[in-house]
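Engineer: One file is attached below, query.pdb, containing PDB, C-alpha atoms.
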ATOM      1  CA  MET I 254     -36.246  14.203  39.167
ATOM      2  CA  THR I 255     -34.672  17.300  37.591
ATOM      3  CA  ARG I 256     -31.264  16.379  39.009
ATOM      4  CA  ARG I 257     -31.605  12.829  37.664
ATOM      5  CA  ARG I 258     -32.603  14.117  34.231
ATOM      6  CA  LEU I 259     -29.591  16.457  34.185
ATOM      7  CA  GLY I 260     -27.283  13.577  35.060
ATOM      8  CA  ILE I 261     -28.738  11.409  32.304
ATOM      9  CA  TRP I 262     -28.442  14.162  29.701
ATOM     10  CA  THR I 263     -24.862  14.920  30.722
ATOM     11  CA  ALA I 264     -23.916  11.250  30.497
ATOM     12  CA  ALA I 265     -25.628  10.936  27.123
ATOM     13  CA  LEU I 266     -23.740  13.924  25.733
ATOM     14  CA  LEU I 267     -20.439  12.517  26.971
ATOM     15  CA  PHE I 268     -21.177   9.112  25.442
ATOM     16  CA  ALA I 269     -22.291  10.676  22.156
ATOM     17  CA  ALA I 270     -19.112  12.748  21.815
ATOM     18  CA  VAL I 271     -16.839   9.820  22.602
ATOM     19  CA  SER I 272     -18.876   7.499  20.370
ATOM     20  CA  ALA I 273     -18.452   9.851  17.399
ATOM     21  CA  VAL I 274     -14.677   9.817  17.731
ATOM     22  CA  VAL I 275     -14.491   6.071  18.358
ATOM     23  CA  GLY I 276     -16.814   5.479  15.409
ATOM     24  CA  CYS I 277     -14.451   7.346  13.089
ATOM     25  CA  ARG I 278     -11.525   5.335  14.459
ATOM     26  CA  LEU I 279     -13.347   2.068  13.795
ATOM     27  CA  ALA I 280     -14.435   3.224  10.339
ATOM     28  CA  ASP I 281     -10.782   3.997   9.487
ATOM     29  CA  THR I 282     -11.470   7.645   8.753
ATOM     30  CA  ASP I 283     -10.192  10.834  10.341
ATOM     31  CA  GLY I 284     -13.475  12.658   9.822
ATOM     32  CA  ILE I 285     -13.828  16.415  10.073
ATOM     33  CA  THR I 286     -12.885  18.954  12.748
ATOM     34  CA  PRO I 287     -12.771  18.343  15.697
ATOM     35  CA  VAL I 288     -12.441  14.579  15.186
ATOM     36  CA  PRO I 289      -8.812  14.537  13.901
ATOM     37  CA  GLN I 290      -7.726  16.740  16.785
ATOM     38  CA  LEU I 291      -9.495  14.524  19.332
ATOM     39  CA  LEU I 292      -8.190  11.313  17.762
ATOM     40  CA  ALA I 293      -4.678  12.353  18.752
ATOM     41  CA  PHE I 294      -5.774  12.065  22.391
ATOM     42  CA  LEU I 295      -7.873   8.905  21.991
ATOM     43  CA  PRO I 296      -6.631   7.113  25.160
ATOM     44  CA  TRP I 297      -7.656  10.115  27.280
ATOM     45  CA  LEU I 298     -11.252   9.773  26.109
ATOM     46  CA  LEU I 299     -11.445   7.096  28.781
ATOM     47  CA  ALA I 300     -11.899   9.989  31.242
ATOM     48  CA  PRO I 301     -15.173  11.421  29.840
ATOM     49  CA  ALA I 302     -16.428   7.897  29.151
ATOM     50  CA  GLY I 303     -15.692   6.931  32.752
ATOM     51  CA  LEU I 304     -17.413  10.079  34.038
ATOM     52  CA  GLY I 305     -20.452   9.223  31.959
ATOM     53  CA  LEU I 306     -20.478   5.716  33.430
ATOM     54  CA  ALA I 307     -20.362   7.161  36.949
ATOM     55  CA  LEU I 308     -23.319   9.438  36.173
ATOM     56  CA  ALA I 309     -25.264   6.568  34.627
ATOM     57  CA  LEU I 310     -24.745   4.478  37.743
ATOM     58  CA  LEU I 311     -25.633   7.338  40.104
ATOM     59  CA  THR I 312     -28.855   8.062  38.194
ATOM     60  CA  ARG I 313     -29.618   4.364  37.692
ATOM     61  CA  TRP I 314     -29.805   4.898  33.946
ATOM     62  CA  TRP I 315     -29.294   1.279  32.956
ATOM     63  CA  PRO I 316     -29.298   1.745  29.158
ATOM     64  CA  GLY I 317     -26.539   4.283  29.759
ATOM     65  CA  THR I 318     -24.446   1.748  31.662
ATOM     66  CA  LEU I 319     -24.687  -0.608  28.677
ATOM     67  CA  TRP I 320     -23.710   2.252  26.349
ATOM     68  CA  ALA I 321     -20.761   3.017  28.615
ATOM     69  CA  ALA I 322     -19.638  -0.613  28.640
ATOM     70  CA  LEU I 323     -19.720  -0.695  24.845
ATOM     71  CA  VAL I 324     -17.821   2.592  24.467
ATOM     72  CA  LEU I 325     -15.189   1.643  27.045
ATOM     73  CA  GLY I 326     -14.711  -1.769  25.461
ATOM     74  CA  LEU I 327     -14.222  -0.279  22.007
ATOM     75  CA  LEU I 328     -11.816   2.313  23.391
ATOM     76  CA  ALA I 329      -9.762  -0.423  25.032
ATOM     77  CA  TRP I 330      -9.626  -2.272  21.704
ATOM     78  CA  CYS I 331      -8.551   0.862  19.826
ATOM     79  CA  ILE I 332      -5.801   1.671  22.317
ATOM     80  CA  ALA I 333      -3.992  -1.607  21.587
ATOM     81  CA  PRO I 334      -0.698  -1.148  19.673
ATOM     82  CA  TYR I 335      -1.124  -0.898  15.904
ATOM     83  CA  GLY I 336       1.172  -2.391  13.299
ATOM     84  CA  THR I 337       3.395  -5.419  13.090
ATOM     85  CA  GLY I 338       6.097  -6.201  15.611
ATOM     86  CA  GLY I 339       8.710  -8.865  16.119
ATOM     87  CA  GLU I 340      12.364  -9.239  15.224
ATOM     88  CA  PRO I 341      13.760  -9.771  11.708
ATOM     89  CA  ASP I 342      15.084 -13.289  11.162
ATOM     90  CA  GLY I 343      18.458 -12.423   9.624
ATOM     91  CA  ARG I 344      21.724 -11.761  11.430
ATOM     92  CA  ALA I 345      22.560  -8.249  12.607
ATOM     93  CA  LEU I 346      24.610  -6.207  10.148
ATOM     94  CA  ALA I 347      24.884  -2.771  11.760
ATOM     95  CA  SER I 348      23.480  -0.868  14.727
ATOM     96  CA  PHE I 349      23.112   2.882  15.022
ATOM     97  CA  ARG I 350      21.271   5.523  17.014
ATOM     98  CA  VAL I 351      18.671   7.909  15.582
ATOM     99  CA  LEU I 352      17.423  11.147  17.131
ATOM    100  CA  THR I 353      14.471  13.192  15.873
ATOM    101  CA  SER I 354      13.578  16.569  17.343
ATOM    102  CA  ASN I 355      11.212  19.402  16.450
ATOM    103  CA  VAL I 356      13.040  22.479  17.741
ATOM    104  CA  GLU I 357       9.999  24.817  17.382
ATOM    105  CA  PHE I 358      11.122  27.555  14.989
ATOM    106  CA  GLY I 359      14.734  27.008  16.043
ATOM    107  CA  ARG I 360      14.151  28.029  19.665
ATOM    108  CA  ALA I 361      15.516  24.757  21.061
ATOM    109  CA  THR I 362      18.628  24.713  18.862
ATOM    110  CA  ASP I 363      21.071  25.075  21.770
ATOM    111  CA  ALA I 364      19.223  22.372  23.723
ATOM    112  CA  LEU I 365      19.401  20.079  20.691
ATOM    113  CA  VAL I 366      23.153  20.653  20.335
ATOM    114  CA  ALA I 367      23.623  19.775  24.011
ATOM    115  CA  ALA I 368      21.464  16.642  23.674
ATOM    116  CA  VAL I 369      23.349  15.496  20.572
ATOM    117  CA  ARG I 370      26.697  15.925  22.313
ATOM    118  CA  ARG I 371      25.405  14.040  25.340
ATOM    119  CA  GLU I 372      23.546  11.179  23.626
ATOM    120  CA  LYS I 373      25.817  10.821  20.561
ATOM    121  CA  PRO I 374      23.254   9.693  17.984
ATOM    122  CA  ASP I 375      24.592   8.645  14.587
ATOM    123  CA  VAL I 376      21.804  10.334  12.603
ATOM    124  CA  VAL I 377      19.870  13.455  13.605
ATOM    125  CA  PHE I 378      16.581  14.631  12.094
ATOM    126  CA  ALA I 379      15.776  18.252  13.055
ATOM    127  CA  GLU I 380      12.415  19.791  12.141
ATOM    128  CA  GLU I 381      11.532  23.509  12.227
ATOM    129  CA  CYS I 382      15.267  24.183  11.988
ATOM    130  CA  GLU I 383      15.243  27.628  10.396
ATOM    131  CA  TYR I 384      18.224  29.536   9.005
ATOM    132  CA  GLY I 385      19.789  30.339  12.372
ATOM    133  CA  CYS I 386      19.304  26.792  13.630
ATOM    134  CA  SER I 387      20.843  25.335  10.476
ATOM    135  CA  ALA I 388      23.856  27.632  10.771
ATOM    136  CA  THR I 389      24.317  26.781  14.456
ATOM    137  CA  LEU I 390      24.215  23.044  13.766
ATOM    138  CA  ARG I 391      26.783  23.473  11.003
ATOM    139  CA  ARG I 392      29.052  25.543  13.230
ATOM    140  CA  SER I 393      28.689  23.444  16.390
ATOM    141  CA  LEU I 394      28.384  19.876  15.134
ATOM    142  CA  SER I 395      30.076  19.630  11.734
ATOM    143  CA  GLY I 396      33.170  18.073  13.302
ATOM    144  CA  ASP I 397      31.232  15.032  14.538
ATOM    145  CA  TYR I 398      28.566  15.166  11.829
ATOM    146  CA  PRO I 399      30.343  16.092   8.598
ATOM    147  CA  TYR I 400      27.482  14.962   6.372
ATOM    148  CA  ARG I 401      24.158  16.740   6.046
ATOM    149  CA  ARG I 402      21.120  17.271   3.860
ATOM    150  CA  SER I 403      18.814  20.191   4.441
ATOM    151  CA  VAL I 404      15.963  22.301   3.199
ATOM    152  CA  GLU I 405      16.816  25.845   4.208
ATOM    153  CA  GLY I 406      13.864  27.946   5.289
ATOM    154  CA  SER I 407      12.447  30.350   7.830
ATOM    155  CA  GLY I 408      10.062  29.560  10.672
ATOM    156  CA  SER I 409       8.787  26.003  10.495
ATOM    157  CA  THR I 410       9.854  25.335   6.896
ATOM    158  CA  GLY I 411      13.526  24.484   7.476
ATOM    159  CA  SER I 412      14.690  20.920   8.168
ATOM    160  CA  VAL I 413      18.088  19.265   8.526
ATOM    161  CA  ILE I 414      19.471  15.725   8.510
ATOM    162  CA  LEU I 415      22.890  15.319  10.170
ATOM    163  CA  SER I 416      24.895  12.123   9.873
ATOM    164  CA  ARG I 417      28.142  10.527  10.969
ATOM    165  CA  PHE I 418      27.791   8.294   7.905
ATOM    166  CA  PRO I 419      28.531   9.469   4.364
ATOM    167  CA  LEU I 420      25.410  10.681   2.574
ATOM    168  CA  LYS I 421      24.397  10.687  -1.049
ATOM    169  CA  PRO I 422      21.644  13.027  -2.284
ATOM    170  CA  ALA I 423      18.151  11.587  -2.641
ATOM    171  CA  ALA I 424      14.911  13.223  -3.622
ATOM    172  CA  GLY I 425      12.914  14.428  -0.647
ATOM    173  CA  ILE I 426       9.138  14.777  -0.511
ATOM    174  CA  PRO I 427       8.239  17.278  -3.248
ATOM    175  CA  GLY I 428       5.525  19.905  -3.002
ATOM    176  CA  SER I 429       5.348  19.873   0.786
ATOM    177  CA  THR I 430       4.644  22.980   2.835
ATOM    178  CA  MET I 431       7.584  22.351   5.162
ATOM    179  CA  GLY I 432      10.963  20.966   4.160
ATOM    180  CA  MET I 433      11.354  17.188   4.002
ATOM    181  CA  PRO I 434      14.892  16.368   2.780
ATOM    182  CA  GLY I 435      16.106  12.880   1.933
ATOM    183  CA  ALA I 436      19.436  11.066   1.600
ATOM    184  CA  VAL I 437      21.061   7.647   1.272
ATOM    185  CA  ALA I 438      23.521   6.849   4.067
ATOM    186  CA  ASP I 439      26.431   4.436   3.820
ATOM    187  CA  VAL I 440      26.119   2.625   7.150
ATOM    188  CA  HIS I 441      29.238   0.499   7.430
ATOM    189  CA  GLY I 442      28.961  -0.477   3.790
ATOM    190  CA  HIS I 443      25.161  -0.869   3.749
ATOM    191  CA  PRO I 444      22.955   1.695   1.957
ATOM    192  CA  VAL I 445      20.130   3.057   4.150
ATOM    193  CA  ARG I 446      17.510   5.451   2.784
ATOM    194  CA  LEU I 447      16.884   8.367   5.161
ATOM    195  CA  GLN I 448      13.797  10.564   4.851
ATOM    196  CA  LEU I 449      12.702  13.373   7.151
ATOM    197  CA  ALA I 450       8.952  13.725   7.768
ATOM    198  CA  HIS I 451       7.191  16.978   8.645
ATOM    199  CA  PRO I 452       3.697  17.296   7.172
ATOM    200  CA  MET I 453       1.352  20.116   8.101
ATOM    201  CA  PRO I 454      -0.615  19.715  11.366
ATOM    202  CA  PRO I 455      -4.386  19.010  11.213
ATOM    203  CA  LEU I 456      -5.443  22.612  11.696
ATOM    204  CA  PRO I 457      -9.132  23.464  11.264
ATOM    205  CA  GLY I 458      -9.618  24.532   7.669
ATOM    206  CA  GLN I 459      -6.392  22.829   6.527
ATOM    207  CA  LEU I 460      -7.245  19.154   6.929
ATOM    208  CA  ASP I 461      -6.937  18.591   3.177
ATOM    209  CA  VAL I 462      -3.297  19.768   3.283
ATOM    210  CA  TRP I 463      -2.587  17.517   6.276
ATOM    211  CA  ARG I 464      -4.147  14.493   4.543
ATOM    212  CA  ARG I 465      -2.391  15.230   1.259
ATOM    213  CA  GLU I 466       1.054  15.516   2.825
ATOM    214  CA  LEU I 467       0.597  12.384   4.930
ATOM    215  CA  GLY I 468      -0.540  10.740   1.707
ATOM    216  CA  LYS I 469       2.767  11.718   0.093
ATOM    217  CA  LEU I 470       4.598  10.033   2.969
ATOM    218  CA  ARG I 471       2.422   6.983   2.445
ATOM    219  CA  GLY I 472       3.369   7.060  -1.238
ATOM    220  CA  PHE I 473       7.049   7.241  -0.272
ATOM    221  CA  ALA I 474       6.640   4.258   2.059
ATOM    222  CA  ALA I 475       4.817   2.254  -0.612
ATOM    223  CA  ALA I 476       7.549   2.976  -3.158
ATOM    224  CA  VAL I 477      10.370   1.755  -0.902
ATOM    225  CA  ASP I 478      12.214  -1.040  -2.674
ATOM    226  CA  LYS I 479      14.634  -3.428  -0.992
ATOM    227  CA  THR I 480      16.773  -0.574   0.347
ATOM    228  CA  PRO I 481      16.573  -0.415   4.169
ATOM    229  CA  THR I 482      14.672   2.742   5.083
ATOM    230  CA  VAL I 483      14.313   5.130   8.023
ATOM    231  CA  LEU I 484      11.470   7.683   7.876
ATOM    232  CA  ALA I 485      11.626   9.957  10.915
ATOM    233  CA  GLY I 486      10.352  13.279  12.169
ATOM    234  CA  ASP I 487       7.288  15.146  13.390
ATOM    235  CA  PHE I 488       4.367  13.468  11.614
ATOM    236  CA  ASN I 489       1.688  15.596  13.288
ATOM    237  CA  ALA I 490      -0.280  12.341  13.557
ATOM    238  CA  SER I 491      -0.565   9.393  15.924
ATOM    239  CA  GLN I 492      -1.399   5.734  15.433
ATOM    240  CA  ASP I 493      -5.047   6.664  15.964
ATOM    241  CA  HIS I 494      -5.127   8.649  12.708
ATOM    242  CA  ALA I 495      -6.102   6.679   9.622
ATOM    243  CA  ALA I 496      -3.705   8.711   7.464
ATOM    244  CA  PHE I 497      -0.777   7.645   9.678
ATOM    245  CA  ARG I 498      -1.859   4.013   9.862
ATOM    246  CA  ALA I 499      -1.834   3.988   6.057
ATOM    247  CA  ILE I 500       1.914   4.713   6.194
ATOM    248  CA  LEU I 501       2.428   1.735   8.507
ATOM    249  CA  ASP I 502       0.230  -0.415   6.291
ATOM    250  CA  ALA I 503       2.515   0.438   3.362
ATOM    251  CA  GLY I 504       5.248  -1.612   5.032
ATOM    252  CA  LEU I 505       7.031   0.481   7.652
ATOM    253  CA  ARG I 506       7.103  -0.198  11.396
ATOM    254  CA  ASP I 507       7.156   2.187  14.331
ATOM    255  CA  ALA I 508      10.476   1.858  16.166
ATOM    256  CA  ALA I 509       8.992   3.101  19.447
ATOM    257  CA  ARG I 510       6.351   0.376  19.243
ATOM    258  CA  LEU I 511       9.065  -2.231  18.544
ATOM    259  CA  ALA I 512      10.910  -0.960  21.631
ATOM    260  CA  GLY I 513       7.758  -1.141  23.796
ATOM    261  CA  SER I 514       7.011   2.607  23.967
ATOM    262  CA  ASP I 515       4.247   3.040  21.398
ATOM    263  CA  ARG I 516       1.967   5.222  23.577
ATOM    264  CA  THR I 517       4.554   7.518  25.184
ATOM    265  CA  PRO I 518       3.499  11.118  24.380
ATOM    266  CA  THR I 519       5.861  13.502  22.586
ATOM    267  CA  TRP I 520       3.537  16.524  22.295
ATOM    268  CA  PRO I 521       2.712  18.868  23.931
ATOM    269  CA  ALA I 522       5.916  18.680  25.967
ATOM    270  CA  ARG I 523       4.450  20.827  28.745
ATOM    271  CA  THR I 524       1.925  18.144  29.744
ATOM    272  CA  ALA I 525       3.758  15.009  28.558
ATOM    273  CA  PRO I 526       4.114  12.300  29.673
ATOM    274  CA  ALA I 527       0.977  12.698  31.788
ATOM    275  CA  ILE I 528      -1.204  13.863  28.889
ATOM    276  CA  GLY I 529      -0.309  14.091  25.235
ATOM    277  CA  ALA I 530       0.046  12.306  21.922
ATOM    278  CA  GLN I 531       2.927  10.488  20.281
ATOM    279  CA  ILE I 532       3.224  12.377  16.998
ATOM    280  CA  ASP I 533       7.026  12.210  16.629
ATOM    281  CA  HIS I 534       8.091   8.885  15.174
ATOM    282  CA  VAL I 535      10.987   6.885  13.792
ATOM    283  CA  LEU I 536       9.600   4.457  11.217
ATOM    284  CA  VAL I 537      11.777   1.678   9.832
ATOM    285  CA  SER I 538      11.511  -0.969   7.138
ATOM    286  CA  ALA I 539      11.019  -4.607   8.065
ATOM    287  CA  ASP I 540      14.755  -5.370   8.065
ATOM    288  CA  PHE I 541      15.283  -3.311  11.234
ATOM    289  CA  SER I 542      14.818  -4.124  14.895
ATOM    290  CA  ALA I 543      14.653  -1.406  17.545
ATOM    291  CA  SER I 544      15.466  -1.084  21.233
ATOM    292  CA  ASP I 545      15.819   1.429  24.042
ATOM    293  CA  ALA I 546      13.492   4.177  22.811
ATOM    294  CA  ARG I 547      13.893   7.255  25.016
ATOM    295  CA  PHE I 548      12.035  10.552  25.079
ATOM    296  CA  LEU I 549      14.076  13.649  25.901
ATOM    297  CA  ASN I 550      12.686  16.842  27.396
ATOM    298  CA  LEU I 551      14.427  19.747  25.682
ATOM    299  CA  PRO I 552      13.880  23.333  26.873
ATOM    300  CA  ASP I 553      12.182  25.858  24.561
ATOM    301  CA  THR I 554      10.267  23.430  22.354
ATOM    302  CA  ASP I 555       6.748  21.998  22.541
ATOM    303  CA  HIS I 556       7.976  18.553  21.403
ATOM    304  CA  ARG I 557       9.931  15.893  23.218
ATOM    305  CA  ALA I 558      12.803  14.452  21.203
ATOM    306  CA  LEU I 559      12.805  10.742  20.400
ATOM    307  CA  LEU I 560      16.049   8.767  20.623
ATOM    308  CA  VAL I 561      16.067   5.132  19.541
ATOM    309  CA  ASP I 562      18.662   2.474  18.800
ATOM    310  CA  ILE I 563      17.999   0.461  15.644
ATOM    311  CA  THR I 564      19.732  -2.542  14.128
ATOM    312  CA  LEU I 565      19.831  -3.499  10.466
ATOM    313  CA  HIS I 566      19.468  -7.219   9.782
ATOM    314  CA  LYS I 567      20.289  -9.315   6.744
ATOM    315  CA  THR I 568      17.123 -10.430   4.972
ATOM    316  CA  GLY I 569      16.372 -12.608   1.981
TER     317      GLY I 569
END
Will you turn the file into structure tokens for me?

Structural biologist:
Amino acid sequence: MTRRRLGIWTAALLFAAVSAVVGCRLADTDGITPVPQLLAFLPWLLAPAGLGLALALLTRWWPGTLWAALVLGLLAWCIAPYGTGGEPDGRALASFRVLTSNVEFGRATDALVAAVRREKPDVVFAEECEYGCSATLRRSLSGDYPYRRSVEGSGSTGSVILSRFPLKPAAGIPGSTMGMPGAVADVHGHPVRLQLAHPMPPLPGQLDVWRRELGKLRGFAAAVDKTPTVLAGDFNASQDHAAFRAILDAGLRDAARLAGSDRTPTWPARTAPAIGAQIDHVLVSADFSASDARFLNLPDTDHRALLVDITLHKTG
């Protein structure tokens, strides 16, 4: 009897923990620590829920099996891709390749340079590109990428946008902890708004900063006019975070989702793709289609780079 009681209590605790996280997801809130951190790994909560189901069956705890069925069903519903998909109706105007990479305090700068030379993206978004990283990119890649916008900084605060296309200055995201530069690219005669994203991560005790900076990105997305827009970088949030879904709800679409790779993890690189969260994104306005999203393993960084081909279509 003691062993059966232990099994029931263990299953109940597993179901309660998973139910709390799933409940926040359904209520469209990110909750408090540790819920935001666990939401990033929502699909992997199937494991503790499945273990609880096994214990409920072994102990013949029939209310627990019903609880498990409910939790697993809700998890399956939550794991479905979020946001709109489909192709724009207008004819294709221009195609180009975008790469975003968090180089972890500049440590993966050399790996990024090698990847850029190999993959030949047209636009590069580099996060945590500190002074040395910025100088290396200028020295090594300025021949192929003569246009750039940057926020120079140390540690994680520096960020750089490199482009084969001419760039005009544009206001970035003001008041952010880490640099988020912006620009307007001339893509074969078509203006495209480029914005780098790098809000603070949801660290315990700093959730308000994380929410506020994601809110600024949501405000940017909501303010986008008819100019085609690309918002890319390390969002420190997945589609299971309400603050990130609000950015999608403002009118942008996730290029990886459009290309059929919406659940491929980008962080932490050491365990991805087996276990992880997709927190690095390329978001595009509705006049873009996307294809061939690839995730690159670069040495010396805890993020996988995201490379995606996007096509601008005529609308209206």

Engineer: Using the chain letters and numbering of this document, enumerate as a PyMOL selection string the residues selected by the PyMOL selection byres ((chain I and resi 516) around 8).

Structural biologist: chain I and resi 334+510+514-515+517-518+530-531

Engineer: Box along x, y and z, 5 Å on every side, all listed atoms of range 516-522 of chain I inside: centre and edge lengths in Å to one decimal, as JSON.

Structural biologist:
{"center_x": 3.9, "center_y": 12.0, "center_z": 24.1, "size_x": 13.9, "size_y": 23.6, "size_z": 13.7}

Engineer: Just the number, please: distance in Å from CA of Ala280 in chain I to CA of Ala321 in chain I, one decimal.

Structural biologist: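 A separation of 19.3 Å between them.
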
Engineer: Please write as a list of chain:residue names the full residue list that the PyMOL selection byres ((chain I and resi 520) around 9) yields on this file.

Structural biologist: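 When the PyMOL selection byres ((chain I and resi 520) around 9) is applied, the selected residues are I:Pro518, I:Thr519, I:Pro521, I:Ala522, I:Arg523, I:Thr524, I:Ala525, I:Pro526, I:Ile528, I:Gly529, I:Ala530, I:Gln531, I:Ile532, I:Asp533, I:Asp555, I:His556, I:Arg557.
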
Engineer: Would you please work out which residue, of I:Val356, I:Ala539, I:Leu460, I:Ala368, is nearest to Pro287 in chain I when using only C-alpha atoms?

Structural biologist: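 That would be I:Leu460, the residue with the smallest distance to Pro287 in chain I.
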
Engineer: Please report the interatomic distance between CA of Arg547 in chain I and CA of Asp562 in chain I in Å with one decimal.

Structural biologist: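 Those two atoms sit 9.2 Å apart.
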
Engineer: So what does the PyMOL selection byres ((chain I and resi 392-408) around 7) actually pick up in this one, as a list in words?

Structural biologist: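 Those residues are Phe358, Glu381, Glu383, Tyr384, Ala388, Thr389, Leu390, Arg391, Ser409, Thr410, Gly411, Ser412, Val413, Ile414, Leu415, Ser416, Arg417, Phe418, Pro419, Leu420, Gly432, Met433, Pro434, Gly435 and Ala436 of chain I.
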
Engineer: Got time to write the residues from that selection, C-alpha atoms, as a PDB file, in the coordinates of the input?

Structural biologist:
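Below is the file again_9.pdb, written as the result:
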ATOM      1  CA  PHE I 358      11.122  27.555  14.989  1.00  0.00           C
ATOM      2  CA  GLU I 381      11.532  23.509  12.227  1.00  0.00           C
ATOM      3  CA  GLU I 383      15.243  27.628  10.396  1.00  0.00           C
ATOM      4  CA  TYR I 384      18.224  29.536   9.005  1.00  0.00           C
ATOM      5  CA  ALA I 388      23.856  27.632  10.771  1.00  0.00           C
ATOM      6  CA  THR I 389      24.317  26.781  14.456  1.00  0.00           C
ATOM      7  CA  LEU I 390      24.215  23.044  13.766  1.00  0.00           C
ATOM      8  CA  ARG I 391      26.783  23.473  11.003  1.00  0.00           C
ATOM      9  CA  SER I 409       8.787  26.003  10.495  1.00  0.00           C
ATOM     10  CA  THR I 410       9.854  25.335   6.896  1.00  0.00           C
ATOM     11  CA  GLY I 411      13.526  24.484   7.476  1.00  0.00           C
ATOM     12  CA  SER I 412      14.690  20.920   8.168  1.00  0.00           C
ATOM     13  CA  VAL I 413      18.088  19.265   8.526  1.00  0.00           C
ATOM     14  CA  ILE I 414      19.471  15.725   8.510  1.00  0.00           C
ATOM     15  CA  LEU I 415      22.890  15.319  10.170  1.00  0.00           C
ATOM     16  CA  SER I 416      24.895  12.123   9.873  1.00  0.00           C
ATOM     17  CA  ARG I 417      28.142  10.527  10.969  1.00  0.00           C
ATOM     18  CA  PHE I 418      27.791   8.294   7.905  1.00  0.00           C
ATOM     19  CA  PRO I 419      28.531   9.469   4.364  1.00  0.00           C
ATOM     20  CA  LEU I 420      25.410  10.681   2.574  1.00  0.00           C
ATOM     21  CA  GLY I 432      10.963  20.966   4.160  1.00  0.00           C
ATOM     22  CA  MET I 433      11.354  17.188   4.002  1.00  0.00           C
ATOM     23  CA  PRO I 434      14.892  16.368   2.780  1.00  0.00           C
ATOM     24  CA  GLY I 435      16.106  12.880   1.933  1.00  0.00           C
ATOM     25  CA  ALA I 436      19.436  11.066   1.600  1.00  0.00           C
TER      26      ALA I 436
END

Engineer: Using only C-alpha atoms, which protein or nucleic acid residues come within 8 Å of Val271 in chain I? Drop anything in the same chain fewer than 2 positions from it, and give the result as a list of chain:residue names.

Structural biologist: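 Those residues are I:Leu267, I:Phe268, I:Ala269, I:Ala273, I:Val274, I:Val275, I:Leu298, I:Pro301, I:Ala302, I:Val324.
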
Engineer: I'd like the contact shell of Lys479 in chain I - 12 Å cut-off, only C-alpha atoms, skipping same-chain residues fewer than 3 positions apart - returned as number ranges by chain.

Structural biologist: I: 443-446, 474-476, 482, 504, 538-540, 567-569

Engineer: Write the residues of the preceding selection, restricted to C-alpha atoms, as a PDB file, in the frame of the given file.

Structural biologist:
ATOM      1  CA  HIS I 443      25.161  -0.869   3.749  1.00  0.00           C
ATOM      2  CA  PRO I 444      22.955   1.695   1.957  1.00  0.00           C
ATOM      3  CA  VAL I 445      20.130   3.057   4.150  1.00  0.00           C
ATOM      4  CA  ARG I 446      17.510   5.451   2.784  1.00  0.00           C
ATOM      5  CA  ALA I 474       6.640   4.258   2.059  1.00  0.00           C
ATOM      6  CA  ALA I 475       4.817   2.254  -0.612  1.00  0.00           C
ATOM      7  CA  ALA I 476       7.549   2.976  -3.158  1.00  0.00           C
ATOM      8  CA  THR I 482      14.672   2.742   5.083  1.00  0.00           C
ATOM      9  CA  GLY I 504       5.248  -1.612   5.032  1.00  0.00           C
ATOM     10  CA  SER I 538      11.511  -0.969   7.138  1.00  0.00           C
ATOM     11  CA  ALA I 539      11.019  -4.607   8.065  1.00  0.00           C
ATOM     12  CA  ASP I 540      14.755  -5.370   8.065  1.00  0.00           C
ATOM     13  CA  LYS I 567      20.289  -9.315   6.744  1.00  0.00           C
ATOM     14  CA  THR I 568      17.123 -10.430   4.972  1.00  0.00           C
ATOM     15  CA  GLY I 569      16.372 -12.608   1.981  1.00  0.00           C
TER      16      GLY I 569
END

Engineer: As an exercise, work out the distance from CA of Ala512 in chain I to CA of Cys331 in chain I in Å and give it to one decimal place.

Structural biologist: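 Result for CA of Ala512 in chain I versus CA of Cys331 in chain I: 19.6 Å, one decimal.
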
Engineer: Which polymer residues have any atom within 12 Å of an atom of Ala322 in chain I, counting only C-alpha atoms, with same-chain residues fewer than 4 positions away left out, as a ChimeraX atom specification?

Structural biologist: /I:268,272,299,302-303,305-307,309-310,315-318,326-329

Engineer: Taking (2.2, 15.3, 13.0) in the coordinates of the supplied file, I want to know which residues reach to within 12 Å of it, counting all atoms listed in the file; could you give the answer as a compact mmCIF listing (two decimals) with C-alpha atoms, in the coordinates of the input?

Structural biologist:
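That gives us out_23.txt:
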# COMPACT_ATOMS: atom_id res chain seq x y z
CA PRO I 289 -8.81 14.54 13.90
CA GLN I 290 -7.73 16.74 16.78
CA ALA I 293 -4.68 12.35 18.75
CA ASN I 355 11.21 19.40 16.45
CA GLU I 380 12.42 19.79 12.14
CA MET I 431 7.58 22.35 5.16
CA ALA I 450 8.95 13.72 7.77
CA HIS I 451 7.19 16.98 8.64
CA PRO I 452 3.70 17.30 7.17
CA MET I 453 1.35 20.12 8.10
CA PRO I 454 -0.62 19.72 11.37
CA PRO I 455 -4.39 19.01 11.21
CA LEU I 456 -5.44 22.61 11.70
CA LEU I 460 -7.24 19.15 6.93
CA TRP I 463 -2.59 17.52 6.28
CA ARG I 464 -4.15 14.49 4.54
CA GLU I 466 1.05 15.52 2.82
CA LEU I 467 0.60 12.38 4.93
CA LEU I 470 4.60 10.03 2.97
CA ALA I 485 11.63 9.96 10.92
CA GLY I 486 10.35 13.28 12.17
CA ASP I 487 7.29 15.15 13.39
CA PHE I 488 4.37 13.47 11.61
CA ASN I 489 1.69 15.60 13.29
CA ALA I 490 -0.28 12.34 13.56
CA SER I 491 -0.56 9.39 15.92
CA GLN I 492 -1.40 5.73 15.43
CA ASP I 493 -5.05 6.66 15.96
CA HIS I 494 -5.13 8.65 12.71
CA ALA I 496 -3.70 8.71 7.46
CA PHE I 497 -0.78 7.64 9.68
CA THR I 519 5.86 13.50 22.59
CA TRP I 520 3.54 16.52 22.30
CA PRO I 521 2.71 18.87 23.93
CA ALA I 530 0.05 12.31 21.92
CA GLN I 531 2.93 10.49 20.28
CA ILE I 532 3.22 12.38 17.00
CA ASP I 533 7.03 12.21 16.63
CA HIS I 534 8.09 8.88 15.17
CA HIS I 556 7.98 18.55 21.40
